[in-house]
$ cat upload.cif   # mmCIF, C-alpha atoms and all ligand atoms
data_data
#
loop_
_atom_site.label_atom_id
_atom_site.label_comp_id
_atom_site.auth_asym_id
_atom_site.auth_seq_id
_atom_site.Cartn_x
_atom_site.Cartn_y
_atom_site.Cartn_z
CA MET A 1 102.02 103.95 122.84
CA LYS A 2 104.40 101.89 120.75
CA GLU A 3 102.84 100.19 117.73
CA VAL A 4 104.12 97.25 115.70
CA TRP A 5 102.98 97.01 112.09
CA ALA A 6 103.75 94.09 109.78
CA ILE A 7 103.31 93.71 106.06
CA GLY A 8 103.38 90.25 104.61
CA GLY A 9 101.96 87.49 102.52
CA GLY A 10 100.62 87.70 99.06
CA LYS A 11 102.62 87.43 95.91
CA GLY A 12 106.25 88.35 95.41
CA GLY A 13 107.11 91.63 93.73
CA ILE A 14 103.82 93.49 94.30
CA GLY A 15 105.19 96.41 96.32
CA LYS A 16 105.30 95.28 99.96
CA SER A 17 108.81 96.65 100.56
CA PHE A 18 108.06 99.87 98.71
CA ILE A 19 104.90 100.39 100.78
CA ILE A 20 106.35 99.62 104.22
CA SER A 21 109.46 101.74 103.58
CA SER A 22 107.29 104.62 102.34
CA MET A 23 104.93 104.32 105.32
CA GLY A 24 107.98 104.43 107.63
CA ASN A 25 109.28 107.47 105.80
CA CYS A 26 105.87 109.15 106.03
CA LEU A 27 105.56 108.56 109.81
CA ALA A 28 109.14 109.78 110.34
CA ARG A 29 108.29 112.99 108.45
CA GLN A 30 105.45 113.50 110.92
CA GLY A 31 108.02 113.48 113.72
CA LYS A 32 107.40 109.92 114.91
CA LYS A 33 110.38 107.77 115.84
CA VAL A 34 110.28 104.81 113.46
CA ILE A 35 112.26 101.60 113.12
CA LEU A 36 111.95 99.59 109.91
CA VAL A 37 112.72 95.90 110.34
CA ASP A 38 113.66 93.87 107.29
CA ALA A 39 112.48 90.40 108.27
CA ASP A 40 112.26 89.21 104.66
CA LEU A 41 115.14 86.98 105.57
CA GLY A 42 115.60 85.22 102.26
CA ALA A 43 115.55 88.33 100.08
CA ALA A 44 116.17 91.39 102.19
CA ASN A 45 116.20 94.63 100.22
CA LEU A 46 114.56 97.27 102.37
CA HIS A 47 117.86 99.19 102.55
CA THR A 48 117.69 99.66 98.76
CA PHE A 49 114.28 101.38 99.09
CA LEU A 50 115.94 103.77 101.54
CA GLY A 51 118.71 104.58 99.07
CA MET A 52 121.30 102.69 101.12
CA GLY A 53 123.91 100.10 100.28
CA LYS A 54 123.89 96.78 102.14
CA PRO A 55 124.47 97.61 105.82
CA GLU A 56 127.25 95.74 107.59
CA LYS A 57 125.10 95.04 110.64
CA SER A 58 122.06 92.83 110.12
CA LEU A 59 119.55 90.54 111.85
CA THR A 60 121.90 87.63 111.14
CA ASP A 61 124.10 88.91 114.00
CA PHE A 62 121.09 88.72 116.31
CA PHE A 63 120.00 85.24 115.23
CA GLU A 64 123.59 84.01 115.55
CA ASN A 65 123.70 85.46 119.09
CA LYS A 66 126.52 87.82 118.18
CA ALA A 67 124.80 91.09 119.14
CA PRO A 68 121.71 92.45 120.89
CA LEU A 69 118.94 93.67 118.60
CA ALA A 70 119.14 97.35 119.61
CA SER A 71 122.87 97.48 118.76
CA LEU A 72 122.11 96.51 115.16
CA LEU A 73 120.08 99.60 114.30
CA VAL A 74 121.53 101.63 111.46
CA ARG A 75 120.82 105.26 110.64
CA THR A 76 119.06 105.73 107.32
CA GLY A 77 120.02 109.36 106.77
CA ILE A 78 116.33 110.26 107.16
CA ASP A 79 115.45 111.99 110.44
CA ASN A 80 113.64 109.73 112.96
CA LEU A 81 114.04 106.64 110.76
CA ASP A 82 116.35 103.74 111.65
CA LEU A 83 116.70 100.35 109.98
CA LEU A 84 117.25 96.83 111.24
CA ALA A 85 118.63 95.32 108.07
CA GLY A 86 117.86 91.81 106.93
CA ALA A 87 120.28 89.09 106.03
CA ILE A 88 120.95 88.47 102.39
CA HIS A 89 120.68 84.88 101.18
CA SER A 90 122.25 83.48 104.33
CA MET A 91 119.13 83.13 106.44
CA VAL A 92 115.60 81.86 105.82
CA PRO A 93 112.59 81.65 108.19
CA GLU A 94 112.83 77.84 108.21
CA ASN A 95 116.15 78.06 110.02
CA ILE A 96 114.88 80.15 112.91
CA LYS A 97 114.43 77.99 116.01
CA TYR A 98 111.43 78.34 118.36
CA ALA A 99 113.48 79.89 121.19
CA GLN A 100 115.12 82.34 118.79
CA LYS A 101 111.71 83.38 117.52
CA LEU A 102 110.41 84.10 121.03
CA LYS A 103 113.58 86.05 121.83
CA PHE A 104 113.13 88.03 118.60
CA PHE A 105 109.52 88.93 119.56
CA ARG A 106 110.56 89.96 123.07
CA HIS A 107 113.38 92.15 121.83
CA ILE A 108 111.37 93.69 118.97
CA LYS A 109 108.78 94.88 121.47
CA LYS A 110 111.50 96.43 123.66
CA LEU A 111 112.99 98.59 120.89
CA GLU A 112 112.62 102.28 121.58
CA ALA A 113 110.36 103.80 118.96
CA ASP A 114 106.85 105.06 118.36
CA PHE A 115 106.40 102.71 115.39
CA ILE A 116 108.15 99.46 114.50
CA LEU A 117 107.36 98.46 110.91
CA ILE A 118 108.24 94.93 109.81
CA ASP A 119 108.63 93.75 106.22
CA LEU A 120 108.01 90.00 106.20
CA GLY A 121 108.33 89.24 102.51
CA ALA A 122 106.09 86.81 100.66
CA GLY A 123 106.49 83.46 102.44
CA VAL A 124 103.95 81.49 104.48
CA HIS A 125 106.34 79.66 106.82
CA PHE A 126 104.88 79.52 110.34
CA ASN A 127 107.71 81.71 111.68
CA THR A 128 106.62 84.38 109.21
CA ILE A 129 102.94 83.92 110.12
CA ASP A 130 103.69 84.16 113.86
CA THR A 131 105.61 87.41 113.35
CA PHE A 132 102.64 88.74 111.36
CA LEU A 133 100.29 87.75 114.19
CA LEU A 134 102.46 89.61 116.69
CA ALA A 135 101.72 92.94 114.98
CA ASP A 136 99.15 95.47 116.19
CA ARG A 137 98.46 96.39 112.54
CA LYS A 138 98.45 93.52 110.06
CA ILE A 139 98.79 94.64 106.46
CA VAL A 140 98.40 92.61 103.26
CA VAL A 141 99.02 93.96 99.78
CA ILE A 142 97.23 93.08 96.57
CA VAL A 143 97.49 94.30 93.01
CA PRO A 144 94.66 94.13 90.47
CA GLU A 145 95.64 90.68 89.26
CA ILE A 146 93.89 87.40 90.00
CA THR A 147 97.04 85.50 91.09
CA ALA A 148 97.93 88.22 93.61
CA ILE A 149 94.38 88.20 95.00
CA GLU A 150 94.34 84.39 95.26
CA ASN A 151 97.68 84.44 97.09
CA MET A 152 96.30 87.01 99.50
CA TYR A 153 93.26 84.87 100.33
CA GLY A 154 95.57 81.89 100.89
CA PHE A 155 97.73 83.95 103.23
CA ILE A 156 94.80 85.34 105.26
CA LYS A 157 93.36 81.83 105.55
CA ILE A 158 96.60 80.46 107.00
CA VAL A 159 97.04 83.46 109.31
CA PHE A 160 93.52 83.23 110.70
CA PHE A 161 93.64 79.44 111.05
CA ARG A 162 96.91 79.65 113.00
CA HIS A 163 95.59 82.48 115.14
CA ILE A 164 92.52 80.47 116.20
CA MET A 165 94.66 77.36 116.73
CA ASN A 166 97.18 79.27 118.92
CA THR A 167 94.45 81.02 120.90
CA LEU A 168 92.47 77.85 121.61
CA GLY A 169 95.71 76.00 122.39
CA ARG A 170 96.71 78.69 124.92
CA ASN A 171 93.28 78.35 126.57
CA GLY A 172 93.44 74.57 126.93
CA PHE A 173 91.33 73.63 123.88
CA LYS A 174 94.06 72.11 121.72
CA ASP A 175 92.39 68.67 121.59
CA GLU A 176 88.95 70.08 120.76
CA PHE A 177 90.48 72.11 117.92
CA ARG A 178 92.20 69.01 116.51
CA GLU A 179 89.05 66.87 116.84
CA VAL A 180 86.96 69.30 114.79
CA TRP A 181 89.77 69.64 112.25
CA ASP A 182 90.14 65.85 111.89
CA MET A 183 86.36 65.48 111.48
CA ARG A 184 85.98 68.39 109.04
CA GLN A 185 84.79 66.19 106.19
CA ALA A 186 82.22 64.41 108.32
CA HIS A 187 81.01 67.80 109.59
CA GLY A 188 80.67 69.01 105.98
CA ILE A 189 83.08 71.90 106.58
CA THR A 190 83.95 73.62 103.31
CA THR A 191 85.00 77.11 104.39
CA LEU A 192 87.00 78.60 107.23
CA LYS A 193 83.86 80.42 108.36
CA VAL A 194 81.97 77.12 108.80
CA PHE A 195 85.00 75.61 110.56
CA VAL A 196 84.98 78.48 113.06
CA GLU A 197 81.20 78.16 113.54
CA CYS A 198 81.66 74.46 114.24
CA LEU A 199 84.41 75.18 116.81
CA LYS A 200 82.14 77.73 118.48
CA SER A 201 79.33 75.21 118.78
CA GLN A 202 81.56 72.81 120.75
CA SER A 203 81.24 74.69 124.04
CA ALA A 204 80.11 78.06 125.36
CA SER A 205 83.60 78.95 126.60
CA MET A 206 85.19 78.13 123.22
CA GLY A 207 82.47 80.25 121.61
CA ARG A 208 83.26 83.21 123.88
CA ILE A 209 87.01 83.00 123.22
CA ILE A 210 86.50 82.86 119.45
CA ASP A 211 83.97 85.70 119.46
CA SER A 212 86.32 87.94 121.38
CA GLU A 213 89.20 87.08 119.00
CA LEU A 214 87.02 87.72 115.97
CA ALA A 215 86.02 91.11 117.33
CA SER A 216 89.63 92.27 117.67
CA PHE A 217 91.29 90.48 114.73
CA ARG A 218 91.84 92.91 111.86
CA VAL A 219 93.59 92.53 108.55
CA ASN A 220 94.21 95.73 106.58
CA ILE A 221 94.16 95.55 102.81
CA VAL A 222 96.29 97.84 100.64
CA LEU A 223 95.63 97.79 96.91
CA ASN A 224 98.77 98.71 94.97
CA GLN A 225 99.59 99.48 91.35
CA ILE A 226 96.15 100.45 90.12
CA LYS A 227 96.06 101.87 86.62
CA LEU A 228 92.34 102.50 86.14
CA LYS A 229 90.04 104.44 88.43
CA ARG A 230 87.49 101.62 88.58
CA GLU A 231 90.14 99.21 89.93
CA LYS A 232 89.79 100.93 93.32
CA ARG A 233 86.64 98.87 93.82
CA ILE A 234 88.65 95.66 94.07
CA GLY A 235 89.38 96.50 97.73
CA ASN A 236 85.67 96.44 98.54
CA SER A 237 85.13 93.14 96.71
CA VAL A 238 87.98 91.58 98.68
CA LYS A 239 86.37 92.81 101.92
CA SER A 240 83.06 91.16 101.00
CA ILE A 241 84.76 87.86 100.20
CA CYS A 242 86.72 87.87 103.48
CA LEU A 243 83.43 88.29 105.34
CA LYS A 244 81.60 85.64 103.34
CA TYR A 245 84.20 82.86 103.43
CA PHE A 246 86.29 83.63 106.53
CA GLY A 247 83.79 85.56 108.65
CA LEU A 248 86.43 88.30 108.87
CA ASP A 249 85.78 92.02 108.87
CA ALA A 250 88.87 93.13 106.88
CA ARG A 251 89.70 96.83 106.57
CA TYR A 252 90.33 98.46 103.20
CA ALA A 253 93.13 100.85 104.21
CA GLY A 254 93.62 102.41 100.78
CA PHE A 255 95.08 102.21 97.28
CA ILE A 256 98.20 103.40 95.49
CA GLU A 257 98.41 104.12 91.79
CA THR A 258 101.09 102.89 89.45
CA ASP A 259 103.89 105.41 89.15
CA ASP A 260 106.96 104.68 87.04
CA PHE A 261 108.97 107.16 89.11
CA ILE A 262 108.93 104.61 91.96
CA THR A 263 111.24 102.25 90.08
CA ARG A 264 113.19 105.20 88.72
CA SER A 265 113.93 106.57 92.20
CA LEU A 266 114.78 103.03 93.36
CA ASN A 267 117.33 102.70 90.56
CA ASN A 268 118.72 106.14 91.43
CA ARG A 269 119.07 105.02 95.05
CA GLN A 270 116.72 107.76 96.25
CA PRO A 271 113.83 107.03 98.62
CA TYR A 272 110.70 107.80 96.58
CA LEU A 273 109.14 109.98 99.29
CA GLN A 274 112.30 112.10 99.52
CA SER A 275 112.32 112.69 95.77
CA TYR A 276 108.57 113.12 95.25
CA PRO A 277 106.99 114.15 98.56
CA GLU A 278 104.09 115.94 96.87
CA SER A 279 103.26 113.25 94.30
CA LYS A 280 99.89 111.55 94.08
CA CYS A 281 101.37 108.27 95.31
CA ALA A 282 102.98 110.04 98.29
CA ARG A 283 99.56 111.45 99.21
CA GLU A 284 97.97 108.01 98.80
CA VAL A 285 100.62 106.51 101.12
CA ALA A 286 99.90 109.28 103.65
CA ALA A 287 96.16 108.51 103.48
CA ILE A 288 96.84 104.82 104.17
CA VAL A 289 99.10 105.72 107.12
CA HIS A 290 96.36 108.00 108.48
CA ASN A 291 93.81 105.18 108.24
CA LEU A 292 96.12 102.67 109.92
CA VAL A 293 97.06 105.04 112.74
CA ASN A 294 93.40 105.83 113.40
CA ASP A 295 92.11 102.30 112.85
CA GLN A 296 89.97 103.53 109.95
CA GLN A 297 89.40 102.56 106.34
CA ILE A 298 88.54 104.41 103.16
CA SER A 299 84.92 105.24 102.64
CA ILE A 300 82.84 103.28 100.12
CA GLN A 301 82.54 106.55 98.19
CA ASP A 302 86.33 106.99 97.89
CA ALA A 303 86.65 103.40 96.73
CA ARG A 304 84.23 103.75 93.81
N1 LIG B 1 102.65 101.65 92.82
C1 LIG B 1 103.71 101.26 92.10
N2 LIG B 1 103.91 101.79 90.85
C2 LIG B 1 104.98 101.43 90.13
N3 LIG B 1 105.93 100.57 90.55
C3 LIG B 1 105.79 100.01 91.76
C4 LIG B 1 104.69 100.33 92.61
N4 LIG B 1 104.84 99.63 93.76
C5 LIG B 1 105.97 98.92 93.64
N5 LIG B 1 106.55 99.14 92.46
C6 LIG B 1 107.78 98.53 91.94
O1 LIG B 1 107.59 97.12 91.89
C7 LIG B 1 108.79 96.44 92.19
C8 LIG B 1 108.58 95.43 93.29
O2 LIG B 1 108.28 96.12 94.50
P1 LIG B 1 108.72 95.54 95.91
O3 LIG B 1 110.13 95.09 95.90
O4 LIG B 1 108.31 96.55 96.92
O5 LIG B 1 107.77 94.26 95.99
P2 LIG B 1 107.71 93.15 97.16
O6 LIG B 1 106.27 92.76 97.25
O7 LIG B 1 108.37 93.64 98.37
O8 LIG B 1 108.55 91.97 96.52
P3 LIG B 1 109.15 90.66 97.29
O9 LIG B 1 107.98 89.79 97.62
O10 LIG B 1 110.05 90.07 96.29
O11 LIG B 1 109.85 91.16 98.52
C9 LIG B 1 109.84 97.52 92.54
O12 LIG B 1 110.63 97.76 91.41
C10 LIG B 1 108.99 98.73 92.87
O13 LIG B 1 109.66 99.91 92.57
MG MG B 2 110.04 92.89 99.42
#
$ encode --input "upload.cif" --output "structure tokens"
Amino acid sequence: MKEVWAIGGGKGGIGKSFIISSMGNCLARQGKKVILVDADLGAANLHTFLGMGKPEKSLTDFFENKAPLASLLVRTGIDNLDLLAGAIHSMVPENIKYAQKLKFFRHIKKLEADFILIDLGAGVHFNTIDTFLLADRKIVVIVPEITAIENMYGFIKIVFFRHIMNTLGRNGFKDEFREVWDMRQAHGITTLKVFVECLKSQSASMGRIIDSELASFRVNIVLNQIKLKREKRIGNSVKSICLKYFGLDARYAGFIETDDFITRSLNNRQPYLQSYPESKCAREVAAIVHNLVNDQQISIQDAR
């Protein structure tokens, strides 16, 4: 079964591209056929994490209708791992039209691979959110820093809100959704969880749709750049808050320690996992990949 994973949201510069490229590398080493997609259209740099220069072929050619998506794949030099490179500075999510977006989704799902891993960058434009929602595994990254955690909550809130809005819209409840939203102050709605409860109380069929979406909607949290052992716990705190304020059962997929060799291998144009396959960080990436593949999370004990 083909799986689409997307990493997105949160703050800039916290390790999203490092993590998705390393996860791709890790899956490829296990013999899976992997395609990395650099959809961080404003600031594409996934090729750099793979030790490559800027590829000549990129997603720009697809969005400008110059070439089919599959013809834009470039070899990374790593067995089983291909790249769909992003555009540099010439394209931003705001410029992608609705029809182009749907075509992109259709063609992404047709690519031949076991895993398609998409780097979405840090933005919250609805094109970015919709691509995130398309993924079978939705991954958000945090670092032990309040601004990064706040950005992550903001991102999850927008993602979940849009997901409920799209789902109810598709099922003919667009007006009911808008009514509750417009009346949120009168209803005393202060959190997304209460908003969802209020939507559910509108009708039994709306309630059933939302319940079934809630049961299958998963966001996976990856905690990056920890320096102290006790910082591992942050993942569990974030889980509790997601449940309390959003009513969401988020998964804590794992953590990665700070390792200065990551930036060093980046500067040497060497993929980190090629240079340090036995490092602690490489093992932590492998543990996260294992959890994501098996729809699991780290145990409370491991997160202490
Ligand atoms: N665990 C880590 N330990 C040390 N350095 C790290 C770690 N993770 C990422 N880095 C470094 O942090 C920098 C930013 O990482 P990266 O580019 O992956 O972030 P990003 O979230 O993709 O940023 P942007 O939002 O701008 O796309 C890079 O130099 C990377 O090597
Ligand atoms: Mg990035």
$ residues_near_ligand --input "upload.cif" --ligand "ligand MG 2 (chain B)" --cutoff "10 Å" --atoms "all atoms listed in the file" --output "list of chain:residue names"
A:Ile7, A:Gly8, A:Lys11, A:Gly12, A:Gly13, A:Ile14, A:Gly15, A:Lys16, A:Ser17, A:Phe18, A:Ile19, A:Ile20, A:Ser21, A:Asp38, A:Ala39, A:Asp40, A:Leu41, A:Gly42, A:Ala43, A:Ala44, A:Asn45, A:Leu46, A:Phe49, A:Asp119, A:Leu120, A:Gly121, A:Ala122
$ residues_around --input "upload.cif" --residues "A:Gln297" --least-positions-apart "6" --cutoff "9 Å" --atoms "only C-alpha atoms" --output "list in words"
Asn220, Arg251, Tyr252, Ala253, Gly254, Ile288 and Asn291 of chain A
$ residues_around --input "upload.cif" --residues "A:Arg29" --least-positions-apart "6" --cutoff "12 Å" --atoms "all atoms listed in the file" --output "list of chain:residue names"
A:Ser22, A:Met23, A:Ile78, A:Asp79, A:Asn80, A:Leu81, A:Leu273, A:Gln274, A:Pro277, A:Ala282, A:Ala286, A:Val289
$ closest_residue --input "upload.cif" --among "A:Ala186, A:Ile164, A:Ile256, A:Leu192" --to "ligand LIG 1 (chain B)" --atoms "only C-alpha atoms and all ligand atoms"
A:Ile256
$ residues_around --input "upload.cif" --residues "stretch 145-153 of chain A" --least-positions-apart "3" --cutoff "6 Å" --atoms "all atoms listed in the file" --output "PyMOL selection string"
chain A and resi 10-11+142+156
$ atom_distance --input "upload.cif" --atom1 "atom CA of A:Cys281" --atom2 "atom N1 of ligand LIG 1 (chain B)"
7.2 Å
$ atom_distance --input "upload.cif" --atom1 "atom CA of A:Glu257" --atom2 "atom CA of A:Ile118"
22.5 Å
$ residues_near_point --input "upload.cif" --point "(81.7, 76.5, 113.2)" --cutoff "12 Å" --atoms "all atoms listed in the file" --output "list in words"
Ile164, Phe177, Val180, Trp181, Arg184, His187, Gly188, Ile189, Thr190, Thr191, Leu192, Lys193, Val194, Phe195, Val196, Glu197, Cys198, Leu199, Lys200, Ser201, Gln202, Ser203, Met206, Gly207, Ile210, Asp211, Tyr245, Phe246 and Gly247 of chain A
$ atom_distance --input "upload.cif" --atom1 "atom CA of A:Asn127" --atom2 "atom CA of A:Phe161"
14.3 Å
$ decode --input "upload.cif" --residues "stretch 183-235 of chain A" --atoms "C-alpha atoms" --output "mmCIF file, in the first residue's frame"
data_model
loop_
_atom_site.group_PDB
_atom_site.id
_atom_site.type_symbol
_atom_site.label_atom_id
_atom_site.label_comp_id
_atom_site.auth_asym_id
_atom_site.auth_seq_id
_atom_site.Cartn_x
_atom_site.Cartn_y
_atom_site.Cartn_z
ATOM 1 C CA MET A 183 -22.778 32.655 16.406
ATOM 2 C CA ARG A 184 -19.680 31.473 18.299
ATOM 3 C CA GLN A 185 -19.694 34.405 20.694
ATOM 4 C CA ALA A 186 -23.370 34.020 21.514
ATOM 5 C CA HIS A 187 -22.792 30.284 22.069
ATOM 6 C CA GLY A 188 -19.906 31.097 24.440
ATOM 7 C CA ILE A 189 -17.436 29.121 22.322
ATOM 8 C CA THR A 190 -13.886 29.670 23.541
ATOM 9 C CA THR A 191 -12.028 26.580 22.335
ATOM 10 C CA LEU A 192 -12.035 24.453 19.217
ATOM 11 C CA LYS A 193 -13.226 21.527 21.330
ATOM 12 C CA VAL A 194 -16.362 23.443 22.406
ATOM 13 C CA PHE A 195 -16.915 24.580 18.805
ATOM 14 C CA VAL A 196 -16.858 20.956 17.644
ATOM 15 C CA GLU A 197 -19.201 19.921 20.489
ATOM 16 C CA CYS A 198 -21.603 22.667 19.439
ATOM 17 C CA LEU A 199 -21.502 21.501 15.792
ATOM 18 C CA LYS A 200 -22.199 17.947 16.929
ATOM 19 C CA SER A 201 -25.235 19.049 18.910
ATOM 20 C CA GLN A 202 -26.837 20.579 15.787
ATOM 21 C CA SER A 203 -28.016 17.255 14.369
ATOM 22 C CA ALA A 204 -27.458 13.536 14.827
ATOM 23 C CA SER A 205 -26.036 13.131 11.311
ATOM 24 C CA MET A 206 -23.554 15.994 11.810
ATOM 25 C CA GLY A 207 -22.591 14.373 15.111
ATOM 26 C CA ARG A 208 -21.947 11.023 13.415
ATOM 27 C CA ILE A 209 -19.817 12.572 10.662
ATOM 28 C CA ILE A 210 -17.705 14.507 13.167
ATOM 29 C CA ASP A 211 -17.282 11.506 15.468
ATOM 30 C CA SER A 212 -16.071 9.341 12.624
ATOM 31 C CA GLU A 213 -13.627 12.077 11.491
ATOM 32 C CA LEU A 214 -12.345 12.537 15.032
ATOM 33 C CA ALA A 215 -11.733 8.813 15.359
ATOM 34 C CA SER A 216 -9.518 8.703 12.266
ATOM 35 C CA PHE A 217 -7.848 12.136 12.387
ATOM 36 C CA ARG A 218 -4.296 11.823 13.700
ATOM 37 C CA VAL A 219 -1.525 14.341 14.060
ATOM 38 C CA ASN A 220 1.928 12.953 14.873
ATOM 39 C CA ILE A 221 4.249 15.051 16.996
ATOM 40 C CA VAL A 222 8.025 14.915 16.608
ATOM 41 C CA LEU A 223 10.098 16.723 19.220
ATOM 42 C CA ASN A 224 13.420 17.856 17.767
ATOM 43 C CA GLN A 225 16.617 19.353 19.154
ATOM 44 C CA ILE A 226 16.307 18.254 22.751
ATOM 45 C CA LYS A 227 19.366 18.912 24.877
ATOM 46 C CA LEU A 228 18.230 17.621 28.272
ATOM 47 C CA LYS A 229 16.757 14.226 29.054
ATOM 48 C CA ARG A 230 13.777 15.720 30.870
ATOM 49 C CA GLU A 231 12.778 17.696 27.747
ATOM 50 C CA LYS A 232 11.416 14.442 26.285
ATOM 51 C CA ARG A 233 8.347 14.975 28.465
ATOM 52 C CA ILE A 234 7.290 17.994 26.420
ATOM 53 C CA GLY A 235 5.770 15.609 23.849
#
